[in-house]
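Worksheet for the structure shown next.
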Number of protein chains: 2
Amino acid sequence: MSKIIDGKEISLSIKEELKKQIDKLPSKPVLVVIQVGNNEASNVYIKNKKIAASNIGMEFKHIHFDERITENELKEQINKLNNDNNINGIIVQLPLPNHLNSKNIINYIDPNKDIDGLTDINLGKLMSGSECMTSCTPTGVMQLIKEYNIDLGGKHVVIVGRSNLVGKPLIHMLLDEDATVTVTHSKTKDLISFTKQADILIVAVGKKHLITNNMIKEGAVIIDVGINRIDGKIYGDVDFENVLNKASYITPVPKGVGPMTVAMLLKNTLKSYYMMNKINKK
Amino acid sequence: MSKIIDGKEISLSIKEELKKQIDKLPSKPVLVVIQVGNNEASNVYIKNKKIAASNIGMEFKHIHFDERITENELKEQINKLNNDNNINGIIVQLPLPNHLNSKNIINYIDPNKDIDGLTDINLGKLMSGSECMTSCTPTGVMQLIKEYNIDLGGKHVVIVGRSNLVGKPLIHMLLDEDATVTVTHSKTKDLISFTKQADILIVAVGKKHLITNNMIKEGAVIIDVGINRIDGKIYGDVDFENVLNKASYITPVPKGVGPMTVAMLLKNTLKSYYMMNKINKK
């Protein structure tokens with residue numbers, strides 16, 4: 001029987017710890033989300049972040065722009081937030097309307113306030129092994145692995161999916177922990193020949209139930225980053241029920257990796273607060 | 001019988017092409033190498049770069065500082081070069097004396113003049129798939145693979161070595177070409193089980209003759225980035241004679257990847273010249 005990795009539970013205890021730390025601070029850390037236009041999914045995500053922030057005593061600001069805002073106007077607004085000593089974390093909620101270049105705009109965020117870890121400079125620092133803000137979902141994956149004392153040294157980790165948001169940052173986080181890392185993706189031939197080798201399999205592609213029993217090794221650790229909404233239900237990239245008895249550890253969807261993402265976002269905001277106020281604390 | 005990948009020959013034809021392009025320019029592109037102290041190996045490397053640059057009509061400046069220079073003084077000097085419109089490429093020759101923080105100093109170079117592709121911002125851009133200056137040795141490896149029309153799509157490439165200079169940039173260059181990529185290193189267990197799977201094996205660890213006949217697949221492409229100087233002789237990381245009949249293609253050491261590194265450095269300098277002078281050319 002597989003042990004189920006309880007991301008919900010772990011994220012709650014992380015947020016509790018963050019709350020305790022924030023309670024001791026002279027001022028509240030401030031997280032700003034910039035939204036352009038009215039993407040429906042974005043509205044839900046922003047609401048969830050707002051609730052999570054206020055639950056731990058963090059201040060949350062939602063700045064909403066009309067979708068006709070120009071790139072320069074948006075950059076000007078980001079610049080103000082960069083220079084405001086009371087703002088600790090800045091998120092530009094994606095997707096942006098088509099006339100705005102997301103990469104350019106994200107890269108305009110002060111790297112120290114880039115709590116999503118998406119600026120080129122933070123990606124580069126991650127790659128070269130320097131202290132930096134790291135992307136929340138892969139950081140959440142790493143945290144789950146640590147919480148369950150799953151050793152990575154010398155283990156073969158197979159990542160399915162090479163996105164900038166998850167797959168690519170994970171490569172460097174895993175190499176830093178001495179794992180041997182294989183990256184597979186849509187162009188990989190004979191995917192199963194790779195997934196079957198994995199001591200730890202991390203799947204982040206967005207394909208409902210791509211991974212089934214026959215594709216994994218007996219006793220593998222399975223981390224499912226997929227969130228697929230179909231007819232109002234949420235499915236992972238892994239066929240959970242199907243692999244349940246073969247894996248040693250497995251994350252469910254929902255309540256696996258998902259809740260960790262927001263917890264890491266809040267943790268990064270507090271980290272920025274500590275840096276900006278020169279408080280030495282992890 | 002393996003086909004030998006002739007890096008010397010290819011680098012010569014690249015340099016010839018660069019020379020032709022430079023001959024047509026209104027001014028000479030300028031490459032600056034900053035040296036601190038008197039590392040003997042550095043003296044040799046700098047001399048080689050100087051010869052290569054002048055051979056193709058590029059101007060080469062060697063700026064030499066006493067090893068007692070402070071970090072701030074060095075940064076000030078780099079800043080002057082960053083702001084000088086006549087300077088196209090800047091290299092800080094490594095290693096630097098211990099009192100200087102190499103990472104900080106490298107990151108002080110204008111990313112557009114960072115022809116070694118070592119600044120965090122260039123690493124991050126490489127990772128996120130943006131146009132940027134890329135590290136010369138891995139770029140040279142990719143160029144060799146292209147020159148021999150070796151298809152990477154869906155191929156399993158195994159990298160031995162996870163250095164910031166070679167292994168890590170290669171991951172992203174190879175993923176961009178749709179390869180499935182495995183990264184192995186000193187902490188990998190059962191290395192041979194990975195190297196034997198490689199359609200293309202790239203070795204960059206600095207261990208004389210680490211890779212032998214029994215460790216490769218019949219018909220594999222072998223790229224040897226290792227340069228090991230022992231008693232005045234140069235050896236690769238691959239036991240060349242030993243694998244010669246089993247590989248389909250193989251790079252020798254010397255005259256394989258080595259000569260490509262300097263060629264890519266010159267190519268990046270010219271690229272910077274084109275960018276700075278707003279000339280559209282690859």
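Chain identifiers are assigned as A, B, and so on, following the order in which chains appear in the structure tokens; residues are numbered from 1 within each chain, and ligands are numbered from 1 in order of appearance.
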Point to revise | Neighbours of chain B in chain A at 6 Å, counting only C-alpha atoms, as a list in words | key: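 Written out as asked, the residues are Asp120, Ile121, Leu123, Gly124, Lys125, Ser128, Gly154, Asn164, Thr180, Val181, Thr182, Val183, Thr184, Lys187, Thr188 and Lys189 of chain A.
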Review point. Stretch 99-262 of chain A: which residues are alpha helix (DSSP H) by DSSP, as number ranges by chain?
Key: A: 102-106, 120-128, 136-147, 167-176, 191-195, 240-243, 258-262
Counting only C-alpha atoms, what is within 12 Å of A:Met1, bar same-chain residues fewer than 5 positions away, as a PDB file with N, CA, C and O atoms, in the first residue's frame?
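After the write, result_13.pdb holds the following:
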ATOM      1  N   GLU A 218       8.032  -0.744  -9.224  1.00  0.00           N
ATOM      2  CA  GLU A 218       7.546  -1.139  -7.903  1.00  0.00           C
ATOM      3  C   GLU A 218       8.275  -0.315  -6.828  1.00  0.00           C
ATOM      4  O   GLU A 218       9.497  -0.245  -6.825  1.00  0.00           O
ATOM      5  N   GLY A 219       7.519   0.368  -5.987  1.00  0.00           N
ATOM      6  CA  GLY A 219       8.135   1.111  -4.881  1.00  0.00           C
ATOM      7  C   GLY A 219       8.573   2.521  -5.234  1.00  0.00           C
ATOM      8  O   GLY A 219       9.219   3.203  -4.426  1.00  0.00           O
ATOM      9  N   ALA A 220       8.244   2.981  -6.433  1.00  0.00           N
ATOM     10  CA  ALA A 220       8.650   4.335  -6.828  1.00  0.00           C
ATOM     11  C   ALA A 220       7.891   5.393  -6.021  1.00  0.00           C
ATOM     12  O   ALA A 220       6.787   5.134  -5.523  1.00  0.00           O
ATOM     13  N   GLU A 241      -5.661   5.909  -8.484  1.00  0.00           N
ATOM     14  CA  GLU A 241      -6.196   4.629  -7.997  1.00  0.00           C
ATOM     15  C   GLU A 241      -5.418   3.462  -8.616  1.00  0.00           C
ATOM     16  O   GLU A 241      -5.131   2.457  -7.970  1.00  0.00           O
ATOM     17  N   ASN A 242      -5.084   3.652  -9.888  1.00  0.00           N
ATOM     18  CA  ASN A 242      -4.440   2.599 -10.657  1.00  0.00           C
ATOM     19  C   ASN A 242      -3.018   2.269 -10.187  1.00  0.00           C
ATOM     20  O   ASN A 242      -2.568   1.120 -10.255  1.00  0.00           O
ATOM     21  N   VAL A 243      -2.285   3.283  -9.714  1.00  0.00           N
ATOM     22  CA  VAL A 243      -0.883   3.048  -9.311  1.00  0.00           C
ATOM     23  C   VAL A 243      -0.741   2.904  -7.796  1.00  0.00           C
ATOM     24  O   VAL A 243       0.349   2.637  -7.280  1.00  0.00           O
ATOM     25  N   LEU A 244      -1.852   3.068  -7.091  1.00  0.00           N
ATOM     26  CA  LEU A 244      -1.820   3.236  -5.629  1.00  0.00           C
ATOM     27  C   LEU A 244      -1.069   2.134  -4.898  1.00  0.00           C
ATOM     28  O   LEU A 244      -0.392   2.395  -3.911  1.00  0.00           O
ATOM     29  N   ASN A 245      -1.176   0.919  -5.342  1.00  0.00           N
ATOM     30  CA  ASN A 245      -0.523  -0.161  -4.607  1.00  0.00           C
ATOM     31  C   ASN A 245       0.905  -0.443  -5.035  1.00  0.00           C
ATOM     32  O   ASN A 245       1.606  -1.217  -4.394  1.00  0.00           O
ATOM     33  N   LYS A 246       1.305   0.183  -6.122  1.00  0.00           N
ATOM     34  CA  LYS A 246       2.653  -0.084  -6.638  1.00  0.00           C
ATOM     35  C   LYS A 246       3.676   0.957  -6.154  1.00  0.00           C
ATOM     36  O   LYS A 246       4.852   0.648  -5.982  1.00  0.00           O
ATOM     37  N   ALA A 247       3.223   2.184  -5.939  1.00  0.00           N
ATOM     38  CA  ALA A 247       4.125   3.257  -5.495  1.00  0.00           C
ATOM     39  C   ALA A 247       4.410   3.122  -4.005  1.00  0.00           C
ATOM     40  O   ALA A 247       3.613   2.562  -3.263  1.00  0.00           O
ATOM     41  N   SER A 248       5.563   3.632  -3.559  1.00  0.00           N
ATOM     42  CA  SER A 248       5.818   3.656  -2.107  1.00  0.00           C
ATOM     43  C   SER A 248       5.189   4.904  -1.499  1.00  0.00           C
ATOM     44  O   SER A 248       4.586   4.845  -0.430  1.00  0.00           O
ATOM     45  N   TYR A 249       5.335   6.034  -2.194  1.00  0.00           N
ATOM     46  CA  TYR A 249       4.720   7.295  -1.777  1.00  0.00           C
ATOM     47  C   TYR A 249       4.019   7.889  -2.992  1.00  0.00           C
ATOM     48  O   TYR A 249       4.510   7.751  -4.110  1.00  0.00           O
ATOM     49  N   ILE A 250       2.940   8.587  -2.756  1.00  0.00           N
ATOM     50  CA  ILE A 250       2.268   9.233  -3.888  1.00  0.00           C
ATOM     51  C   ILE A 250       1.513  10.477  -3.417  1.00  0.00           C
ATOM     52  O   ILE A 250       0.975  10.507  -2.302  1.00  0.00           O
TER      53      ILE A 250
END
When you look at B:Lys207 with a cut-off of 10 Å (counting only C-alpha atoms), what residues show up, excluding the ones that are within fewer than 3 positions of it in the same chain? I need them as a short mmCIF file (atom, residue, chain, number, x, y, z; two decimals) with C-alpha atoms, in the first residue's frame.
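Heads up, here's the output in around34.cif:
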data_model
loop_
_atom_site.label_atom_id
_atom_site.label_comp_id
_atom_site.auth_asym_id
_atom_site.auth_seq_id
_atom_site.Cartn_x
_atom_site.Cartn_y
_atom_site.Cartn_z
CA VAL B 203 31.34 13.72 -21.21
CA ALA B 204 32.66 16.74 -19.30
CA LEU B 210 36.64 7.50 -17.61
CA ILE B 211 34.55 6.17 -20.50
CA GLY B 226 37.46 16.61 -21.18
CA ILE B 227 40.96 18.07 -21.33
CA ASN B 228 43.32 16.32 -18.92
CA TYR B 235 43.96 13.11 -22.65
CA GLY B 236 40.18 13.17 -22.99
CA ASP B 237 37.56 11.81 -20.60
CA VAL B 238 36.94 9.06 -23.14
#
Practice item. Find the residue from A:Asp239, A:Asn101, A:Thr251, A:Lys113 that sits nearest to A:Val225; use only C-alpha atoms when measuring. Key: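 Checking each of A:Asp239, A:Asn101, A:Thr251, A:Lys113 against A:Val225, counting only C-alpha atoms, the winner is A:Thr251.
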Check your understanding: DSSP on the backbone: what in stretch 40-252 of chain B comes out strand (DSSP E or B), as a ChimeraX atom specification?
Key -> /B:59-65,89-92,156-160,180-184,200-203,211,221-224,228-230,233-235,238,249-250
Mind dumping the selected residues with C-alpha atoms as a PDB file, in the first residue's frame?
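What ended up in result_12.pdb:
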ATOM      1  CA  GLU B  59      40.964  43.778 -32.224  1.00  0.00           C
ATOM      2  CA  PHE B  60      42.174  42.233 -28.987  1.00  0.00           C
ATOM      3  CA  LYS B  61      42.878  44.141 -25.782  1.00  0.00           C
ATOM      4  CA  HIS B  62      44.576  42.516 -22.840  1.00  0.00           C
ATOM      5  CA  ILE B  63      44.072  44.475 -19.615  1.00  0.00           C
ATOM      6  CA  HIS B  64      46.305  43.234 -16.855  1.00  0.00           C
ATOM      7  CA  PHE B  65      45.829  44.139 -13.197  1.00  0.00           C
ATOM      8  CA  GLY B  89      33.112  41.582 -25.800  1.00  0.00           C
ATOM      9  CA  ILE B  90      34.427  41.383 -22.236  1.00  0.00           C
ATOM     10  CA  ILE B  91      36.023  38.327 -20.638  1.00  0.00           C
ATOM     11  CA  VAL B  92      37.249  38.136 -17.075  1.00  0.00           C
ATOM     12  CA  HIS B 156      18.424  10.138 -25.545  1.00  0.00           C
ATOM     13  CA  VAL B 157      21.382  12.313 -24.668  1.00  0.00           C
ATOM     14  CA  VAL B 158      23.305  11.418 -21.534  1.00  0.00           C
ATOM     15  CA  ILE B 159      25.531  14.124 -20.067  1.00  0.00           C
ATOM     16  CA  VAL B 160      28.276  13.101 -17.660  1.00  0.00           C
ATOM     17  CA  THR B 180      15.458  13.533 -23.918  1.00  0.00           C
ATOM     18  CA  VAL B 181      18.217  14.466 -21.481  1.00  0.00           C
ATOM     19  CA  THR B 182      19.791  12.600 -18.572  1.00  0.00           C
ATOM     20  CA  VAL B 183      22.345  14.331 -16.341  1.00  0.00           C
ATOM     21  CA  THR B 184      24.766  12.113 -14.438  1.00  0.00           C
ATOM     22  CA  ILE B 200      24.549  10.593 -27.742  1.00  0.00           C
ATOM     23  CA  LEU B 201      27.002  10.667 -24.834  1.00  0.00           C
ATOM     24  CA  ILE B 202      28.565  13.967 -23.778  1.00  0.00           C
ATOM     25  CA  VAL B 203      31.338  13.718 -21.208  1.00  0.00           C
ATOM     26  CA  ILE B 211      34.551   6.169 -20.496  1.00  0.00           C
ATOM     27  CA  VAL B 221      27.733   9.434 -30.799  1.00  0.00           C
ATOM     28  CA  ILE B 222      30.507  10.333 -28.343  1.00  0.00           C
ATOM     29  CA  ILE B 223      31.369  13.951 -27.543  1.00  0.00           C
ATOM     30  CA  ASP B 224      34.387  14.331 -25.270  1.00  0.00           C
ATOM     31  CA  ASN B 228      43.318  16.318 -18.922  1.00  0.00           C
ATOM     32  CA  ARG B 229      46.962  17.362 -18.975  1.00  0.00           C
ATOM     33  CA  ILE B 230      49.183  14.636 -17.545  1.00  0.00           C
ATOM     34  CA  LYS B 233      50.283  15.049 -22.721  1.00  0.00           C
ATOM     35  CA  ILE B 234      46.588  15.778 -23.228  1.00  0.00           C
ATOM     36  CA  TYR B 235      43.958  13.111 -22.650  1.00  0.00           C
ATOM     37  CA  VAL B 238      36.940   9.060 -23.137  1.00  0.00           C
ATOM     38  CA  TYR B 249      30.814   9.432 -34.394  1.00  0.00           C
ATOM     39  CA  ILE B 250      33.450  10.547 -31.920  1.00  0.00           C
TER      40      ILE B 250
END
Check your understanding: Quick one: distance from atom CA of B:Asp66 to atom CA of B:Val36 in Å, one decimal?
Key ->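 According to the coordinates, atom CA of B:Asp66 and atom CA of B:Val36 are separated by 5.9 Å.
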Review point. If we count only C-alpha atoms, what is near B:Val262 at a cut-off of 9 Å, once residues fewer than 6 positions away on the same chain are taken out, given as a ChimeraX atom specification?
Key: /B:11,48-49,52-53,136-137,140
So that I have them on file, write out the residues from the current selection with all heavy atoms, as a CSV table (one decimal), in the first residue's frame.
chain,number,residue,atom,x,y,z
B,11,SER,N,36.2,24.4,-36.8
B,11,SER,CA,36.5,25.7,-36.2
B,11,SER,C,37.2,26.6,-37.2
B,11,SER,O,37.0,27.8,-37.2
B,11,SER,CB,37.3,25.5,-34.9
B,11,SER,OG,38.6,25.2,-35.2
B,48,ASN,N,46.4,32.4,-26.7
B,48,ASN,CA,45.6,31.7,-27.7
B,48,ASN,C,44.5,32.5,-28.3
B,48,ASN,O,44.2,32.5,-29.5
B,48,ASN,CB,45.1,30.3,-27.2
B,48,ASN,CG,46.3,29.3,-27.0
B,48,ASN,OD1,47.4,29.5,-27.6
B,48,ASN,ND2,46.0,28.3,-26.3
B,49,LYS,N,43.8,33.1,-27.3
B,49,LYS,CA,42.6,34.0,-27.8
B,49,LYS,C,43.1,35.2,-28.6
B,49,LYS,O,42.5,35.5,-29.6
B,49,LYS,CB,41.9,34.5,-26.5
B,49,LYS,CG,41.0,33.4,-25.8
B,49,LYS,CD,40.5,33.9,-24.5
B,49,LYS,CE,40.0,32.7,-23.7
B,49,LYS,NZ,39.7,33.0,-22.3
B,52,ALA,N,44.0,34.0,-32.1
B,52,ALA,CA,42.7,33.7,-32.8
B,52,ALA,C,42.0,34.9,-33.3
B,52,ALA,O,41.5,35.0,-34.4
B,52,ALA,CB,41.8,32.8,-32.0
B,53,ALA,N,42.0,35.9,-32.4
B,53,ALA,CA,41.3,37.2,-32.7
B,53,ALA,C,42.0,37.9,-33.8
B,53,ALA,O,41.4,38.3,-34.8
B,53,ALA,CB,41.2,38.0,-31.4
B,136,CYS,N,30.5,29.3,-24.2
B,136,CYS,CA,31.2,29.0,-25.5
B,136,CYS,C,31.4,27.5,-25.7
B,136,CYS,O,31.2,26.9,-26.8
B,136,CYS,CB,32.5,29.7,-25.6
B,136,CYS,SG,32.3,31.4,-25.6
B,137,THR,N,31.8,26.7,-24.6
B,137,THR,CA,32.0,25.3,-24.8
B,137,THR,C,30.8,24.5,-25.2
B,137,THR,O,30.8,23.8,-26.2
B,137,THR,CB,32.8,24.7,-23.6
B,137,THR,OG1,34.0,25.4,-23.4
B,137,THR,CG2,33.1,23.3,-23.8
B,140,GLY,N,29.8,25.3,-28.6
B,140,GLY,CA,30.6,24.6,-29.5
B,140,GLY,C,30.2,23.2,-29.7
B,140,GLY,O,30.2,22.6,-30.9
Practice item. For atom CA of B:Arg68 and atom CA of B:Leu96, determine how far apart the two atoms are, in Å to one decimal place. Key: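 The value is 10.9 Å.
Among the candidates A:Ile4, A:Ile78, A:Gln93, A:Ala198, the one nearest to A:Ala41 when counting only C-alpha atoms is A:Gln93.
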